[in-house]
Amino acid sequence: MQPQFFSRTTKQLHTWTESSLLNFLYFSVLGKFCLSIIRTRLFSACMGWIFRAHWSRILLPFLIKKYHINTSSYFIPGEWFMSVQDFFIRKSKTDSRTFSSENNILCSPVDGCLEVTQNISQAWPCMVKWTSTDLKKLFGPDVADFSGGDLLFFRLRFSDYHRFHFFDNGEVLSSQARDGLLYSVDNTVLKTGLWLENKSHLMRLRTENFGEILWLEVGATNVGSITNRLWVGEQFSRGQEKWYFWLGGSAVLVLFQQNKISLTGDITTMSKQWIETEIMTGESIGKSL
């Protein structure tokens, strides 16, 4: 079964074409040897150096066309973007991604492809992205407070807006940066479960309308840095930028406590079929209970 996603905008079902390069890297003997180098922070650091160089901007027209990126919704610097990295962390125009003024509406914190796992349990492994997952390993001991809750998995592609935002007012309760490897988070690779070893950053947040949540940012190939603004004890507000990923695909996981949210029907329906829903930052995806 090929990974799929459902576009709420066009109401059409799309099928991802699995990358022959990723299949080579992750499922062949020679590819796995190459992968032992590519998955390292050193490799991502080298790629980051290349894509931060000013000459890399000559690649932008090709990348924009290849990934069908509509640049009209982003701020364009006076002299255009100075590098591929500069383009990757581009800022959105204020009116292109807005959060509802109704505080009980749950808005997406990121652009990407969303899949939901409902009624999670920390007592036994549950299926997350086709992988039997020990949530204690993923979220740490705090997951014990979230039994029966809902896990939202946002997969960000290269083409997506890679800044993320708070969807409610609240306070940072804890923050933990965790080192790790840098496997791809393409669907072709997610089903292997290797992403569970990736570098990540975990926060526990107290929100005004959705209870306490666990927010996990997962790095990936060429995402050796995850940048956050706030420290433990600091306050945040609805729509405020939490900050951004550096170059490459990545993922954001948000875990809610039991009976705190009700998700829209199309998202839950698609998720039960292992189909992602394409989402934009600020888009309504549910409400508080």
# chains A, B, ... in the order shown; residues from 1 in each chain; ligands from 1
$ residues_around --residues "Ile279 of chain A" --least-positions-apart "4" --cutoff "6 Å" --atoms "only C-alpha atoms" --output "list of chain:residue names"
A:Asp111, A:Gly112, A:Cys113
$ select_by_dssp --residues "segment 45-233 of chain A" --states "strand (DSSP E or B)" --output "mmCIF file with C-alpha atoms, in the first residue's frame"
data_model
loop_
_atom_site.group_PDB
_atom_site.id
_atom_site.type_symbol
_atom_site.label_atom_id
_atom_site.label_comp_id
_atom_site.auth_asym_id
_atom_site.auth_seq_id
_atom_site.Cartn_x
_atom_site.Cartn_y
_atom_site.Cartn_z
ATOM 1 C CA TYR A 74 5.535 34.662 1.768
ATOM 2 C CA SER A 92 4.584 33.830 5.903
ATOM 3 C CA ILE A 105 -11.146 26.251 17.864
ATOM 4 C CA LEU A 106 -8.077 24.037 17.455
ATOM 5 C CA CYS A 107 -5.933 25.424 14.649
ATOM 6 C CA GLY A 112 2.032 19.631 6.432
ATOM 7 C CA CYS A 113 0.277 16.284 6.196
ATOM 8 C CA LEU A 114 -1.680 15.305 9.304
ATOM 9 C CA GLU A 115 -2.489 11.848 10.586
ATOM 10 C CA VAL A 116 -4.138 11.140 13.958
ATOM 11 C CA THR A 117 -3.881 8.244 16.396
ATOM 12 C CA CYS A 126 0.507 1.630 19.590
ATOM 13 C CA MET A 127 0.686 2.097 15.833
ATOM 14 C CA VAL A 128 2.167 5.450 14.814
ATOM 15 C CA THR A 131 5.183 1.474 13.359
ATOM 16 C CA SER A 132 4.531 -0.258 16.680
ATOM 17 C CA THR A 133 5.725 2.537 18.935
ATOM 18 C CA ASP A 150 -5.042 11.876 20.916
ATOM 19 C CA LEU A 151 -1.732 12.021 19.046
ATOM 20 C CA LEU A 152 -1.443 14.365 16.064
ATOM 21 C CA PHE A 153 1.433 13.620 13.670
ATOM 22 C CA PHE A 154 2.257 16.471 11.265
ATOM 23 C CA ARG A 155 4.724 15.465 8.533
ATOM 24 C CA LEU A 156 6.406 18.458 6.920
ATOM 25 C CA ARG A 163 7.920 27.711 10.956
ATOM 26 C CA PHE A 164 5.558 26.500 13.650
ATOM 27 C CA HIS A 165 3.126 28.400 15.895
ATOM 28 C CA GLY A 170 -0.171 29.119 27.760
ATOM 29 C CA GLU A 171 3.094 28.443 29.571
ATOM 30 C CA VAL A 172 6.178 26.274 28.977
ATOM 31 C CA LEU A 173 6.383 23.662 31.771
ATOM 32 C CA SER A 174 9.439 21.715 30.607
ATOM 33 C CA SER A 175 11.866 21.616 27.689
ATOM 34 C CA GLN A 176 14.318 18.911 26.650
ATOM 35 C CA ALA A 177 16.603 18.773 23.602
ATOM 36 C CA ARG A 178 17.497 15.183 22.689
ATOM 37 C CA LEU A 181 20.450 10.433 14.214
ATOM 38 C CA ASN A 198 16.077 10.908 15.310
ATOM 39 C CA SER A 200 14.260 15.796 18.654
ATOM 40 C CA HIS A 201 13.068 18.491 21.040
ATOM 41 C CA LEU A 202 10.306 17.816 23.580
ATOM 42 C CA MET A 203 8.239 20.394 25.475
ATOM 43 C CA ARG A 204 5.397 20.046 27.947
ATOM 44 C CA LEU A 205 3.038 22.995 27.680
ATOM 45 C CA ARG A 206 0.050 24.159 29.709
ATOM 46 C CA THR A 207 -2.611 25.724 27.464
ATOM 47 C CA GLU A 212 -1.584 20.194 29.043
ATOM 48 C CA ILE A 213 0.111 18.882 25.906
ATOM 49 C CA LEU A 214 3.368 17.235 24.898
ATOM 50 C CA TRP A 215 4.906 18.878 21.814
ATOM 51 C CA LEU A 216 7.687 16.968 20.044
ATOM 52 C CA GLU A 217 9.704 18.312 17.115
ATOM 53 C CA VAL A 218 11.586 15.636 15.179
ATOM 54 C CA ALA A 220 15.481 14.579 9.836
ATOM 55 C CA VAL A 223 17.623 19.043 9.715
ATOM 56 C CA ILE A 226 15.595 22.784 15.631
ATOM 57 C CA THR A 227 15.284 26.383 16.799
ATOM 58 C CA ASN A 228 12.947 27.398 19.634
#
$ closest_atom_pairs --of "segment 22-108 of chain A" --to "segment 235-259 of chain A" --cutoff "7 Å" --atoms "only C-alpha atoms" --output "JSON lines"
{"residue": "A:Gln85", "atom": "CA", "partner": "A:Leu247", "partner_atom": "CA", "distance": 6.0}
{"residue": "A:Phe88", "atom": "CA", "partner": "A:Leu247", "partner_atom": "CA", "distance": 6.1}
{"residue": "A:Ile89", "atom": "CA", "partner": "A:Trp246", "partner_atom": "CA", "distance": 6.7}
{"residue": "A:Phe99", "atom": "CA", "partner": "A:Gly239", "partner_atom": "CA", "distance": 6.0}
$ write_last_selection --atoms "N, CA, C and O atoms" --output "PDB file, in the first residue's frame"
ATOM      1  N   GLN A  85      18.862  27.988   2.224  1.00  0.00           N
ATOM      2  CA  GLN A  85      18.470  27.993   3.635  1.00  0.00           C
ATOM      3  C   GLN A  85      17.601  29.207   3.962  1.00  0.00           C
ATOM      4  O   GLN A  85      16.606  29.098   4.687  1.00  0.00           O
ATOM      5  N   PHE A  88      14.248  28.456   2.782  1.00  0.00           N
ATOM      6  CA  PHE A  88      13.592  27.387   3.524  1.00  0.00           C
ATOM      7  C   PHE A  88      12.936  27.893   4.810  1.00  0.00           C
ATOM      8  O   PHE A  88      11.868  27.410   5.210  1.00  0.00           O
ATOM      9  N   ILE A  89      13.565  28.869   5.475  1.00  0.00           N
ATOM     10  CA  ILE A  89      13.001  29.399   6.721  1.00  0.00           C
ATOM     11  C   ILE A  89      12.220  30.692   6.461  1.00  0.00           C
ATOM     12  O   ILE A  89      12.061  31.535   7.341  1.00  0.00           O
ATOM     13  N   PHE A  99      -5.107  32.604  12.687  1.00  0.00           N
ATOM     14  CA  PHE A  99      -5.717  31.742  13.689  1.00  0.00           C
ATOM     15  C   PHE A  99      -7.078  32.311  14.081  1.00  0.00           C
ATOM     16  O   PHE A  99      -7.235  33.522  14.249  1.00  0.00           O
TER      17      PHE A  99
END
$ atom_distance --atom1 "atom CA of Ser101 of chain A" --atom2 "atom CA of Lys260 of chain A"
18.9 Å
$ atom_distance --atom1 "atom CA of Tyr161 of chain A" --atom2 "atom CA of Thr264 of chain A"
22.5 Å
$ residues_around --residues "Trp55 of chain A" --least-positions-apart "4" --cutoff "12 Å" --atoms "only C-alpha atoms" --output "VMD selection string"
chain A and resid 49 to 51 59 to 60 81 to 86
$ write_last_selection --atoms "C-alpha atoms" --output "PDB file, in the first residue's frame"
ATOM      1  CA  TRP A  49      26.988  24.772   4.847  1.00  0.00           C
ATOM      2  CA  ILE A  50      26.360  24.260   1.129  1.00  0.00           C
ATOM      3  CA  PHE A  51      22.758  25.478   1.265  1.00  0.00           C
ATOM      4  CA  LEU A  59      18.962  26.462  -7.263  1.00  0.00           C
ATOM      5  CA  LEU A  60      15.840  28.263  -6.058  1.00  0.00           C
ATOM      6  CA  PHE A  81      16.428  35.134  -0.863  1.00  0.00           C
ATOM      7  CA  MET A  82      20.155  34.981  -0.237  1.00  0.00           C
ATOM      8  CA  SER A  83      20.432  31.165  -0.161  1.00  0.00           C
ATOM      9  CA  VAL A  84      18.424  27.943  -0.186  1.00  0.00           C
ATOM     10  CA  GLN A  85      18.470  27.993   3.635  1.00  0.00           C
ATOM     11  CA  ASP A  86      17.205  31.583   3.643  1.00  0.00           C
TER      12      ASP A  86
END
$ closest_residue --among "A:Asn187, A:Ser147, A:Lys136, A:Ser100" --to "Glu276 of chain A" --atoms "only C-alpha atoms"
A:Asn187
$ select_by_dssp --residues "segment 174-263 of chain A" --states "alpha helix (DSSP H)" --output "NGL selection string"
:A and (187-190)
$ write_last_selection --atoms "N, CA and C atoms" --output "JSON list (two decimals), in the first residue's frame"
[["chain", "number", "residue", "atom", "x", "y", "z"],
["A", 187, "ASN", "N", 7.38, 9.31, 3.92],
["A", 187, "ASN", "CA", 6.55, 8.15, 4.23],
["A", 187, "ASN", "C", 7.22, 6.83, 3.88],
["A", 188, "THR", "N", 8.05, 6.85, 2.84],
["A", 188, "THR", "CA", 8.76, 5.63, 2.45],
["A", 188, "THR", "C", 9.61, 5.12, 3.60],
["A", 189, "VAL", "N", 10.16, 6.05, 4.39],
["A", 189, "VAL", "CA", 11.08, 5.70, 5.48],
["A", 189, "VAL", "C", 10.36, 5.58, 6.81],
["A", 190, "LEU", "N", 9.31, 6.37, 7.03],
["A", 190, "LEU", "CA", 8.60, 6.34, 8.30],
["A", 190, "LEU", "C", 8.13, 4.94, 8.66]]
$ atom_distance --atom1 "atom CA of Phe139 of chain A" --atom2 "atom CA of Gly180 of chain A"
14.2 Å
$ residues_around --residues "Lys137 of chain A" --least-positions-apart "4" --cutoff "10 Å" --atoms "only C-alpha atoms" --output "list in words"
Gln122, Thr133, Pro141, Val143, Leu196 and Glu197 of chain A
$ write_last_selection --atoms "C-alpha atoms" --output "JSON list (two decimals), in the first residue's frame"
[["chain", "number", "residue", "atom", "x", "y", "z"],
["A", 122, "GLN", "CA", 1.19, 4.11, 27.36],
["A", 133, "THR", "CA", 5.73, 2.54, 18.93],
["A", 141, "PRO", "CA", 7.76, 9.34, 31.45],
["A", 143, "VAL", "CA", 3.31, 10.15, 28.65],
["A", 196, "LEU", "CA", 12.21, 7.01, 16.36],
["A", 197, "GLU", "CA", 16.00, 7.38, 16.75]]
$ decode --residues "segment 237-253 of chain A" --atoms "all heavy atoms" --output "PDB file, in the first residue's frame"
ATOM      1  N   SER A 237       1.452  33.015  23.393  1.00  0.00           N
ATOM      2  CA  SER A 237       0.098  33.424  23.018  1.00  0.00           C
ATOM      3  C   SER A 237      -0.333  32.750  21.721  1.00  0.00           C
ATOM      4  O   SER A 237       0.495  32.287  20.933  1.00  0.00           O
ATOM      5  CB  SER A 237       0.015  34.947  22.871  1.00  0.00           C
ATOM      6  OG  SER A 237       0.929  35.405  21.896  1.00  0.00           O
ATOM      7  N   ARG A 238      -1.618  32.701  21.513  1.00  0.00           N
ATOM      8  CA  ARG A 238      -2.214  32.057  20.343  1.00  0.00           C
ATOM      9  C   ARG A 238      -1.688  32.686  19.054  1.00  0.00           C
ATOM     10  O   ARG A 238      -1.736  33.899  18.880  1.00  0.00           O
ATOM     11  CB  ARG A 238      -3.730  32.202  20.422  1.00  0.00           C
ATOM     12  CG  ARG A 238      -4.535  31.467  19.358  1.00  0.00           C
ATOM     13  CD  ARG A 238      -6.022  31.696  19.603  1.00  0.00           C
ATOM     14  NE  ARG A 238      -6.889  31.031  18.652  1.00  0.00           N
ATOM     15  CZ  ARG A 238      -7.295  29.773  18.754  1.00  0.00           C
ATOM     16  NH1 ARG A 238      -6.903  29.037  19.774  1.00  0.00           N
ATOM     17  NH2 ARG A 238      -8.103  29.234  17.857  1.00  0.00           N
ATOM     18  N   GLY A 239      -1.191  31.856  18.156  1.00  0.00           N
ATOM     19  CA  GLY A 239      -0.663  32.333  16.882  1.00  0.00           C
ATOM     20  C   GLY A 239       0.795  32.746  16.923  1.00  0.00           C
ATOM     21  O   GLY A 239       1.413  32.963  15.878  1.00  0.00           O
ATOM     22  N   GLN A 240       1.373  32.857  18.119  1.00  0.00           N
ATOM     23  CA  GLN A 240       2.770  33.265  18.246  1.00  0.00           C
ATOM     24  C   GLN A 240       3.695  32.238  17.616  1.00  0.00           C
ATOM     25  O   GLN A 240       3.479  31.029  17.737  1.00  0.00           O
ATOM     26  CB  GLN A 240       3.132  33.448  19.719  1.00  0.00           C
ATOM     27  CG  GLN A 240       4.593  33.815  19.981  1.00  0.00           C
ATOM     28  CD  GLN A 240       4.900  33.890  21.473  1.00  0.00           C
ATOM     29  OE1 GLN A 240       4.000  34.059  22.298  1.00  0.00           O
ATOM     30  NE2 GLN A 240       6.165  33.738  21.827  1.00  0.00           N
ATOM     31  N   GLU A 241       4.726  32.696  16.957  1.00  0.00           N
ATOM     32  CA  GLU A 241       5.681  31.791  16.332  1.00  0.00           C
ATOM     33  C   GLU A 241       6.531  31.102  17.396  1.00  0.00           C
ATOM     34  O   GLU A 241       7.141  31.756  18.238  1.00  0.00           O
ATOM     35  CB  GLU A 241       6.578  32.576  15.366  1.00  0.00           C
ATOM     36  CG  GLU A 241       7.465  31.722  14.507  1.00  0.00           C
ATOM     37  CD  GLU A 241       8.282  32.571  13.546  1.00  0.00           C
ATOM     38  OE1 GLU A 241       7.701  33.124  12.598  1.00  0.00           O
ATOM     39  OE2 GLU A 241       9.502  32.684  13.768  1.00  0.00           O
ATOM     40  N   LYS A 242       6.523  29.769  17.382  1.00  0.00           N
ATOM     41  CA  LYS A 242       7.363  28.991  18.301  1.00  0.00           C
ATOM     42  C   LYS A 242       8.799  28.967  17.790  1.00  0.00           C
ATOM     43  O   LYS A 242       9.735  28.870  18.536  1.00  0.00           O
ATOM     44  CB  LYS A 242       6.785  27.578  18.438  1.00  0.00           C
ATOM     45  CG  LYS A 242       7.377  26.737  19.556  1.00  0.00           C
ATOM     46  CD  LYS A 242       6.606  25.425  19.687  1.00  0.00           C
ATOM     47  CE  LYS A 242       7.081  24.596  20.878  1.00  0.00           C
ATOM     48  NZ  LYS A 242       8.434  24.071  20.703  1.00  0.00           N
ATOM     49  N   TRP A 243       8.947  28.947  16.536  1.00  0.00           N
ATOM     50  CA  TRP A 243      10.102  29.213  15.703  1.00  0.00           C
ATOM     51  C   TRP A 243      10.203  28.228  14.577  1.00  0.00           C
ATOM     52  O   TRP A 243       9.181  27.929  13.958  1.00  0.00           O
ATOM     53  CB  TRP A 243      11.393  29.424  16.448  1.00  0.00           C
ATOM     54  CG  TRP A 243      12.051  30.711  15.946  1.00  0.00           C
ATOM     55  CD1 TRP A 243      11.577  31.500  14.946  1.00  0.00           C
ATOM     56  CD2 TRP A 243      13.222  31.337  16.419  1.00  0.00           C
ATOM     57  NE1 TRP A 243      12.389  32.588  14.764  1.00  0.00           N
ATOM     58  CE2 TRP A 243      13.425  32.522  15.659  1.00  0.00           C
ATOM     59  CE3 TRP A 243      14.143  31.038  17.395  1.00  0.00           C
ATOM     60  CZ2 TRP A 243      14.495  33.380  15.842  1.00  0.00           C
ATOM     61  CZ3 TRP A 243      15.212  31.912  17.583  1.00  0.00           C
ATOM     62  CH2 TRP A 243      15.391  33.065  16.820  1.00  0.00           C
ATOM     63  N   TYR A 244      11.343  27.648  14.250  1.00  0.00           N
ATOM     64  CA  TYR A 244      11.433  26.954  12.970  1.00  0.00           C
ATOM     65  C   TYR A 244      12.432  25.804  12.949  1.00  0.00           C
ATOM     66  O   TYR A 244      13.284  25.677  13.812  1.00  0.00           O
ATOM     67  CB  TYR A 244      11.801  27.938  11.861  1.00  0.00           C
ATOM     68  CG  TYR A 244      13.096  28.702  12.105  1.00  0.00           C
ATOM     69  CD1 TYR A 244      14.330  28.157  11.765  1.00  0.00           C
ATOM     70  CD2 TYR A 244      13.089  29.985  12.655  1.00  0.00           C
ATOM     71  CE1 TYR A 244      15.510  28.848  11.976  1.00  0.00           C
ATOM     72  CE2 TYR A 244      14.262  30.702  12.867  1.00  0.00           C
ATOM     73  CZ  TYR A 244      15.466  30.113  12.529  1.00  0.00           C
ATOM     74  OH  TYR A 244      16.635  30.793  12.749  1.00  0.00           O
ATOM     75  N   PHE A 245      12.263  24.964  11.914  1.00  0.00           N
ATOM     76  CA  PHE A 245      13.243  23.936  11.572  1.00  0.00           C
ATOM     77  C   PHE A 245      14.229  24.534  10.573  1.00  0.00           C
ATOM     78  O   PHE A 245      13.875  25.397   9.769  1.00  0.00           O
ATOM     79  CB  PHE A 245      12.570  22.749  10.877  1.00  0.00           C
ATOM     80  CG  PHE A 245      11.778  21.855  11.783  1.00  0.00           C
ATOM     81  CD1 PHE A 245      10.398  21.857  11.746  1.00  0.00           C
ATOM     82  CD2 PHE A 245      12.413  20.983  12.652  1.00  0.00           C
ATOM     83  CE1 PHE A 245       9.658  21.010  12.552  1.00  0.00           C
ATOM     84  CE2 PHE A 245      11.689  20.130  13.474  1.00  0.00           C
ATOM     85  CZ  PHE A 245      10.314  20.149  13.423  1.00  0.00           C
ATOM     86  N   TRP A 246      15.447  23.989  10.575  1.00  0.00           N
ATOM     87  CA  TRP A 246      16.377  24.311   9.513  1.00  0.00           C
ATOM     88  C   TRP A 246      16.086  23.407   8.317  1.00  0.00           C
ATOM     89  O   TRP A 246      15.079  22.716   8.283  1.00  0.00           O
ATOM     90  CB  TRP A 246      17.818  24.181  10.016  1.00  0.00           C
ATOM     91  CG  TRP A 246      18.170  25.325  10.932  1.00  0.00           C
ATOM     92  CD1 TRP A 246      17.739  25.495  12.210  1.00  0.00           C
ATOM     93  CD2 TRP A 246      18.966  26.466  10.627  1.00  0.00           C
ATOM     94  NE1 TRP A 246      18.224  26.669  12.733  1.00  0.00           N
ATOM     95  CE2 TRP A 246      18.992  27.286  11.784  1.00  0.00           C
ATOM     96  CE3 TRP A 246      19.671  26.883   9.502  1.00  0.00           C
ATOM     97  CZ2 TRP A 246      19.702  28.487  11.831  1.00  0.00           C
ATOM     98  CZ3 TRP A 246      20.378  28.077   9.562  1.00  0.00           C
ATOM     99  CH2 TRP A 246      20.383  28.864  10.711  1.00  0.00           C
ATOM    100  N   LEU A 247      16.967  23.382   7.346  1.00  0.00           N
ATOM    101  CA  LEU A 247      16.693  22.808   6.034  1.00  0.00           C
ATOM    102  C   LEU A 247      16.286  21.337   6.077  1.00  0.00           C
ATOM    103  O   LEU A 247      16.853  20.551   6.827  1.00  0.00           O
ATOM    104  CB  LEU A 247      17.935  22.953   5.153  1.00  0.00           C
ATOM    105  CG  LEU A 247      17.784  22.532   3.703  1.00  0.00           C
ATOM    106  CD1 LEU A 247      16.877  23.504   2.974  1.00  0.00           C
ATOM    107  CD2 LEU A 247      19.135  22.466   3.030  1.00  0.00           C
ATOM    108  N   GLY A 248      15.296  20.975   5.246  1.00  0.00           N
ATOM    109  CA  GLY A 248      14.912  19.585   5.060  1.00  0.00           C
ATOM    110  C   GLY A 248      13.502  19.280   5.536  1.00  0.00           C
ATOM    111  O   GLY A 248      12.814  20.135   6.083  1.00  0.00           O
ATOM    112  N   GLY A 249      13.056  18.063   5.310  1.00  0.00           N
ATOM    113  CA  GLY A 249      11.757  17.633   5.828  1.00  0.00           C
ATOM    114  C   GLY A 249      11.844  17.415   7.323  1.00  0.00           C
ATOM    115  O   GLY A 249      12.925  17.303   7.894  1.00  0.00           O
ATOM    116  N   SER A 250      10.711  17.344   8.002  1.00  0.00           N
ATOM    117  CA  SER A 250      10.718  17.201   9.443  1.00  0.00           C
ATOM    118  C   SER A 250       9.322  16.807   9.907  1.00  0.00           C
ATOM    119  O   SER A 250       8.427  16.590   9.093  1.00  0.00           O
ATOM    120  CB  SER A 250      11.178  18.499  10.117  1.00  0.00           C
ATOM    121  OG  SER A 250      10.613  19.622   9.471  1.00  0.00           O
ATOM    122  N   ALA A 251       9.116  16.736  11.231  1.00  0.00           N
ATOM    123  CA  ALA A 251       7.809  16.356  11.751  1.00  0.00           C
ATOM    124  C   ALA A 251       7.554  17.022  13.094  1.00  0.00           C
ATOM    125  O   ALA A 251       8.487  17.282  13.863  1.00  0.00           O
ATOM    126  CB  ALA A 251       7.713  14.838  11.894  1.00  0.00           C
ATOM    127  N   VAL A 252       6.280  17.283  13.380  1.00  0.00           N
ATOM    128  CA  VAL A 252       5.846  17.799  14.677  1.00  0.00           C
ATOM    129  C   VAL A 252       4.764  16.865  15.198  1.00  0.00           C
ATOM    130  O   VAL A 252       3.793  16.574  14.495  1.00  0.00           O
ATOM    131  CB  VAL A 252       5.299  19.236  14.573  1.00  0.00           C
ATOM    132  CG1 VAL A 252       4.664  19.674  15.889  1.00  0.00           C
ATOM    133  CG2 VAL A 252       6.406  20.209  14.172  1.00  0.00           C
ATOM    134  N   LEU A 253       4.919  16.377  16.430  1.00  0.00           N
ATOM    135  CA  LEU A 253       3.925  15.528  17.065  1.00  0.00           C
ATOM    136  C   LEU A 253       3.359  16.271  18.269  1.00  0.00           C
ATOM    137  O   LEU A 253       4.123  16.810  19.080  1.00  0.00           O
ATOM    138  CB  LEU A 253       4.536  14.206  17.529  1.00  0.00           C
ATOM    139  CG  LEU A 253       4.848  13.149  16.458  1.00  0.00           C
ATOM    140  CD1 LEU A 253       6.014  13.566  15.587  1.00  0.00           C
ATOM    141  CD2 LEU A 253       5.148  11.809  17.119  1.00  0.00           C
TER     142      LEU A 253
END
